[in-house]
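**Q** Can you read through this structure? Questions will come right after.
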Amino acid sequence: MATAADPSDSRGFRDALGRFATGVTIVTTLDGAGRPVGLTANSFNSVSLDPPMVLWSLARRSLNLPVFLEAGHFAVNVLAADQRALSDRFARPAGDRFAGVDWEAGTAGVPVLPGTVASFECATDSSIEGGDHVIFLGRVARFRHADREPLIYHAGRYGTPAARG
Ligand SMILES: Cc1cc2nc3c(=O)[nH]c(=O)nc-3n(C[C@H](O)[C@H](O)[C@H](O)COP(=O)(O)O)c2cc1C
């Protein structure tokens, strides 16, 4: 049995949270000038089947917070195993993350990336304060999925322990 720790041990808390294996997504929207913006996020989860709803959370310190609060729509692009470079790119504090990246306009113009395992085009239902993050609840307007291997994230690394490169 692992030793119990208090959540004031923030390093330990992060490590414990990271033991929950997830997929990896890029959440996208358009800013007020119609430019595509997006970031890598693994906080995505399903919420409701009827009505169809999903959620993800964004760090309050994100420069994109006002953009997502204003936008009214977003897309969640669930990455395939061969899209790790895209995940890295959209997690770096880069300038134009979309430079040279292929995308198509989905519902309300939100950027939908090709080659993913799934994508969910959403209208923002509400945003909820969640400590140092803001939780976005979205109503799914359109979705697609494909039979591809997903990109997995666990314990701060890509891939499952059995299939790490
Ligand atoms: C696998 C992975 C998952 C991440 N998940 C989230 C997340 O759910 N929410 C978040 O705010 N940042 C998350 N990040 C960090 C952001 O991608 C990173 O801080 C990015 O630079 C934020 O961009 P922005 O400040 O332009 O919004 C994640 C990073 C990685 C590598």
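By order of appearance in the structure tokens: chains A, B, ..., then residues from 1 within every chain, and ligands from 1 in the order shown.
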Could you list, as a ChimeraX atom specification, all the residues within 9 Å of ligand 1, counting only C-alpha atoms and all ligand atoms?

**A** /A:22-27,37-44,56-65,87-95,97,133-134,152-154,156-158

**Q** Kindly export the residues of the current selection with N, CA and C atoms, as a compact mmCIF listing (two decimals), in the first residue's frame.

**A**
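Heads up, here's the output in again.txt:
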# COMPACT_ATOMS: atom_id res chain seq x y z
N THR A 22 -4.79 8.86 -19.42
CA THR A 22 -5.76 9.57 -20.26
C THR A 22 -5.35 9.50 -21.73
N GLY A 23 -6.25 9.96 -22.58
CA GLY A 23 -5.88 10.28 -23.94
C GLY A 23 -5.30 11.68 -23.94
N VAL A 24 -5.02 12.19 -25.12
CA VAL A 24 -4.50 13.56 -25.25
C VAL A 24 -5.34 14.26 -26.31
N THR A 25 -5.74 15.50 -26.00
CA THR A 25 -6.53 16.26 -26.97
C THR A 25 -5.86 17.60 -27.27
N ILE A 26 -6.26 18.18 -28.37
CA ILE A 26 -5.98 19.60 -28.62
C ILE A 26 -7.34 20.28 -28.68
N VAL A 27 -7.55 21.22 -27.76
CA VAL A 27 -8.82 21.96 -27.74
C VAL A 27 -8.60 23.26 -28.51
N VAL A 37 -6.84 29.26 -32.40
CA VAL A 37 -6.01 29.08 -31.22
C VAL A 37 -6.30 27.69 -30.66
N GLY A 38 -5.36 27.17 -29.90
CA GLY A 38 -5.57 25.84 -29.32
C GLY A 38 -4.46 25.48 -28.38
N LEU A 39 -4.71 24.49 -27.55
CA LEU A 39 -3.70 23.99 -26.62
C LEU A 39 -3.92 22.51 -26.36
N THR A 40 -2.86 21.87 -25.96
CA THR A 40 -2.92 20.45 -25.58
C THR A 40 -3.61 20.33 -24.22
N ALA A 41 -4.55 19.41 -24.11
CA ALA A 41 -5.28 19.23 -22.84
C ALA A 41 -5.64 17.75 -22.65
N ASN A 42 -5.38 17.25 -21.44
CA ASN A 42 -5.82 15.87 -21.16
C ASN A 42 -6.93 15.86 -20.10
N SER A 43 -7.48 17.03 -19.81
CA SER A 43 -8.55 17.13 -18.80
C SER A 43 -9.92 16.85 -19.41
N PHE A 44 -9.95 16.49 -20.67
CA PHE A 44 -11.22 16.18 -21.36
C PHE A 44 -11.92 14.98 -20.72
N TRP A 56 -13.79 19.96 -20.23
CA TRP A 56 -12.33 20.03 -20.12
C TRP A 56 -12.01 21.23 -19.25
N SER A 57 -10.79 21.32 -18.76
CA SER A 57 -10.47 22.46 -17.90
C SER A 57 -9.21 23.16 -18.38
N LEU A 58 -9.22 24.47 -18.18
CA LEU A 58 -8.14 25.33 -18.66
C LEU A 58 -7.54 26.09 -17.48
N ALA A 59 -6.22 26.10 -17.43
CA ALA A 59 -5.52 26.81 -16.35
C ALA A 59 -5.88 28.29 -16.40
N ARG A 60 -6.13 28.87 -15.22
CA ARG A 60 -6.46 30.31 -15.16
C ARG A 60 -5.34 31.17 -15.73
N ARG A 61 -4.09 30.66 -15.64
CA ARG A 61 -2.97 31.49 -16.10
C ARG A 61 -2.85 31.48 -17.63
N SER A 62 -3.64 30.64 -18.31
CA SER A 62 -3.57 30.58 -19.77
C SER A 62 -3.94 31.93 -20.39
N LEU A 63 -3.11 32.36 -21.32
CA LEU A 63 -3.41 33.60 -22.04
C LEU A 63 -4.66 33.43 -22.89
N ASN A 64 -5.01 32.19 -23.15
CA ASN A 64 -6.19 31.91 -23.98
C ASN A 64 -7.50 31.87 -23.19
N LEU A 65 -7.42 32.06 -21.87
CA LEU A 65 -8.66 31.99 -21.08
C LEU A 65 -9.72 32.98 -21.57
N SER A 87 0.93 17.21 -30.21
CA SER A 87 0.69 17.40 -28.77
C SER A 87 1.79 18.27 -28.18
N ASP A 88 3.05 17.96 -28.50
CA ASP A 88 4.19 18.75 -27.98
C ASP A 88 4.10 20.19 -28.46
N ARG A 89 3.79 20.35 -29.73
CA ARG A 89 3.73 21.69 -30.31
C ARG A 89 2.67 22.56 -29.63
N PHE A 90 1.50 21.97 -29.36
CA PHE A 90 0.40 22.74 -28.77
C PHE A 90 0.51 22.86 -27.25
N ALA A 91 1.53 22.25 -26.66
CA ALA A 91 1.78 22.40 -25.22
C ALA A 91 2.89 23.41 -24.96
N ARG A 92 3.61 23.81 -26.03
CA ARG A 92 4.71 24.77 -25.86
C ARG A 92 4.16 26.19 -25.94
N PRO A 93 4.77 27.11 -25.19
CA PRO A 93 4.30 28.50 -25.26
C PRO A 93 4.77 29.18 -26.54
N ALA A 94 4.40 28.58 -27.67
CA ALA A 94 4.86 29.07 -28.97
C ALA A 94 4.00 30.23 -29.45
N GLY A 95 4.44 30.90 -30.49
CA GLY A 95 3.67 31.97 -31.11
C GLY A 95 2.47 31.39 -31.82
N ARG A 97 0.87 28.43 -33.11
CA ARG A 97 0.94 26.96 -33.08
C ARG A 97 0.36 26.35 -34.35
N HIS A 133 -8.15 26.44 -12.14
CA HIS A 133 -8.60 26.12 -13.50
C HIS A 133 -10.05 26.60 -13.69
N VAL A 134 -10.45 26.72 -14.93
CA VAL A 134 -11.85 26.97 -15.28
C VAL A 134 -12.33 25.76 -16.07
N ILE A 152 -1.72 8.04 -25.78
CA ILE A 152 -2.00 7.83 -24.35
C ILE A 152 -1.02 8.65 -23.51
N TYR A 153 -1.46 9.17 -22.38
CA TYR A 153 -0.60 9.94 -21.47
C TYR A 153 -0.76 9.37 -20.07
N HIS A 154 0.36 9.06 -19.44
CA HIS A 154 0.32 8.47 -18.10
C HIS A 154 1.60 8.79 -17.35
N GLY A 156 3.07 11.48 -16.64
CA GLY A 156 3.92 12.50 -17.25
C GLY A 156 4.60 12.07 -18.52
N ARG A 157 4.20 10.91 -19.07
CA ARG A 157 4.83 10.42 -20.30
C ARG A 157 3.78 9.92 -21.27
N TYR A 158 4.16 9.92 -22.53
CA TYR A 158 3.28 9.36 -23.56
C TYR A 158 3.40 7.84 -23.57

**Q** How many Å separate CA of Ala71 in chain A from CA of Arg84 in chain A?

**A**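 Here the two named atoms are 26.6 Å from each other.
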
**Q** Just to confirm, what's the straight-line distance from CA of Phe120 in chain A to CA of Asn77 in chain A in Å (one decimal)?

**A**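 So the answer is 6.7 Å.
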
**Q** Using the chain letters and numbers from this document, which residues of chain A does DSSP assign to alpha helix (DSSP H), as a ChimeraX atom specification?

**A** /A:10-17,65-71,84-91

**Q** Would you mind exporting C-alpha atoms of the selected residues as an mmCIF file, in the first residue's frame?

**A**
data_model
loop_
_atom_site.group_PDB
_atom_site.id
_atom_site.type_symbol
_atom_site.label_atom_id
_atom_site.label_comp_id
_atom_site.auth_asym_id
_atom_site.auth_seq_id
_atom_site.Cartn_x
_atom_site.Cartn_y
_atom_site.Cartn_z
ATOM 1 C CA SER A 10 1.660 19.545 -4.416
ATOM 2 C CA ARG A 11 4.387 17.568 -6.190
ATOM 3 C CA GLY A 12 2.963 14.345 -4.778
ATOM 4 C CA PHE A 13 -0.584 15.443 -5.617
ATOM 5 C CA ARG A 14 0.401 16.076 -9.246
ATOM 6 C CA ASP A 15 2.181 12.721 -9.387
ATOM 7 C CA ALA A 16 -0.882 10.948 -7.979
ATOM 8 C CA LEU A 17 -3.219 12.679 -10.465
ATOM 9 C CA LEU A 65 -8.656 31.992 -21.078
ATOM 10 C CA PRO A 66 -10.410 35.202 -22.265
ATOM 11 C CA VAL A 67 -10.546 33.778 -25.791
ATOM 12 C CA PHE A 68 -12.281 30.551 -24.688
ATOM 13 C CA LEU A 69 -14.620 32.484 -22.357
ATOM 14 C CA GLU A 70 -15.664 34.743 -25.239
ATOM 15 C CA ALA A 71 -15.697 32.257 -28.100
ATOM 16 C CA ARG A 84 2.644 13.176 -30.535
ATOM 17 C CA ALA A 85 4.539 16.001 -32.283
ATOM 18 C CA LEU A 86 1.276 17.966 -32.485
ATOM 19 C CA SER A 87 0.693 17.401 -28.769
ATOM 20 C CA ASP A 88 4.191 18.748 -27.981
ATOM 21 C CA ARG A 89 3.726 21.692 -30.312
ATOM 22 C CA PHE A 90 0.401 22.743 -28.770
ATOM 23 C CA ALA A 91 1.781 22.404 -25.222
#

**Q** Could you state the separation of CA of Asp132 in chain A and CA of Ala75 in chain A in Å, given to one decimal place?

**A**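 Atom-to-atom, CA of Asp132 in chain A to CA of Ala75 in chain A, that is 22.1 Å.
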
**Q** Would you please give, as a ChimeraX atom specification, all residues of range 87-152 of chain A that DSSP assigns to strand (DSSP E or B) based on the backbone?

**A** /A:104-105,111-112,118-130,133-145,150,152

**Q** How close does range 2-90 of chain A get to range 103-115 of chain A? List, as a Markdown table, each residue of range 2-90 of chain A within 7 Å, its nearest atom pair and the distance in Å to one decimal, counting only C-alpha atoms.

**A**
| residue | atom | partner | partner_atom | distance |
| --- | --- | --- | --- | --- |
| A:Thr28 | CA | A:Pro111 | CA | 5.9 |
| A:Thr29 | CA | A:Val110 | CA | 4.9 |
| A:Leu30 | CA | A:Val110 | CA | 6.0 |
| A:Pro36 | CA | A:Pro111 | CA | 6.5 |
| A:His73 | CA | A:Ala108 | CA | 6.8 |
| A:Phe74 | CA | A:Val110 | CA | 5.8 |
| A:Ala75 | CA | A:Val110 | CA | 6.0 |
| A:Asn77 | CA | A:Leu113 | CA | 6.5 |
| A:Ala80 | CA | A:Gly115 | CA | 7.0 |

**Q** Residues of the last selection are to be written out with C-alpha atoms, as a PDB file, in the first residue's frame.

**A**
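So the final result, stored in result-v3.pdb, reads:
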ATOM      1  CA  THR A  28      -9.304  24.669 -30.341  1.00  0.00           C
ATOM      2  CA  THR A  29     -11.366  27.748 -31.019  1.00  0.00           C
ATOM      3  CA  LEU A  30     -11.220  31.026 -32.961  1.00  0.00           C
ATOM      4  CA  PRO A  36      -7.274  29.692 -34.766  1.00  0.00           C
ATOM      5  CA  HIS A  73     -17.698  27.311 -29.319  1.00  0.00           C
ATOM      6  CA  PHE A  74     -14.726  24.958 -29.138  1.00  0.00           C
ATOM      7  CA  ALA A  75     -13.571  21.685 -30.650  1.00  0.00           C
ATOM      8  CA  ASN A  77      -9.516  16.951 -31.135  1.00  0.00           C
ATOM      9  CA  ALA A  80      -3.917   9.529 -32.561  1.00  0.00           C
TER      10      ALA A  80
END

**Q** Compare A:Pro52, A:Ala155, A:Glu149, A:Gly34 by their minimum atom-to-atom distance to Ala81 in chain A, counting only C-alpha atoms, and give me the closest one.

**A**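 Ranked by minimum distance to Ala81 in chain A, first place goes to A:Glu149.
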
**Q** Which residues come within 7 Å of Thr124 in chain A, counting only C-alpha atoms, excluding same-chain residues fewer than 5 positions away, as a PyMOL selection string?

**A** chain A and resi 72-74+136-139

**Q** Using only C-alpha atoms, which residues sit within 8 Å of range 143-146 of chain A once same-chain residues fewer than 6 positions away are excluded, as a list in words?

**A** Thr116, Val117, Ala118, Ser119, Phe120 and Glu121 of chain A

**Q** In terms of the shortest atom-to-atom distance over only C-alpha atoms, which of A:Val140, A:Leu49, A:Ala33, A:Asp9 is closest to Val76 in chain A?

**A**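 Among A:Val140, A:Leu49, A:Ala33, A:Asp9, it is A:Val140 that comes nearest to Val76 in chain A.
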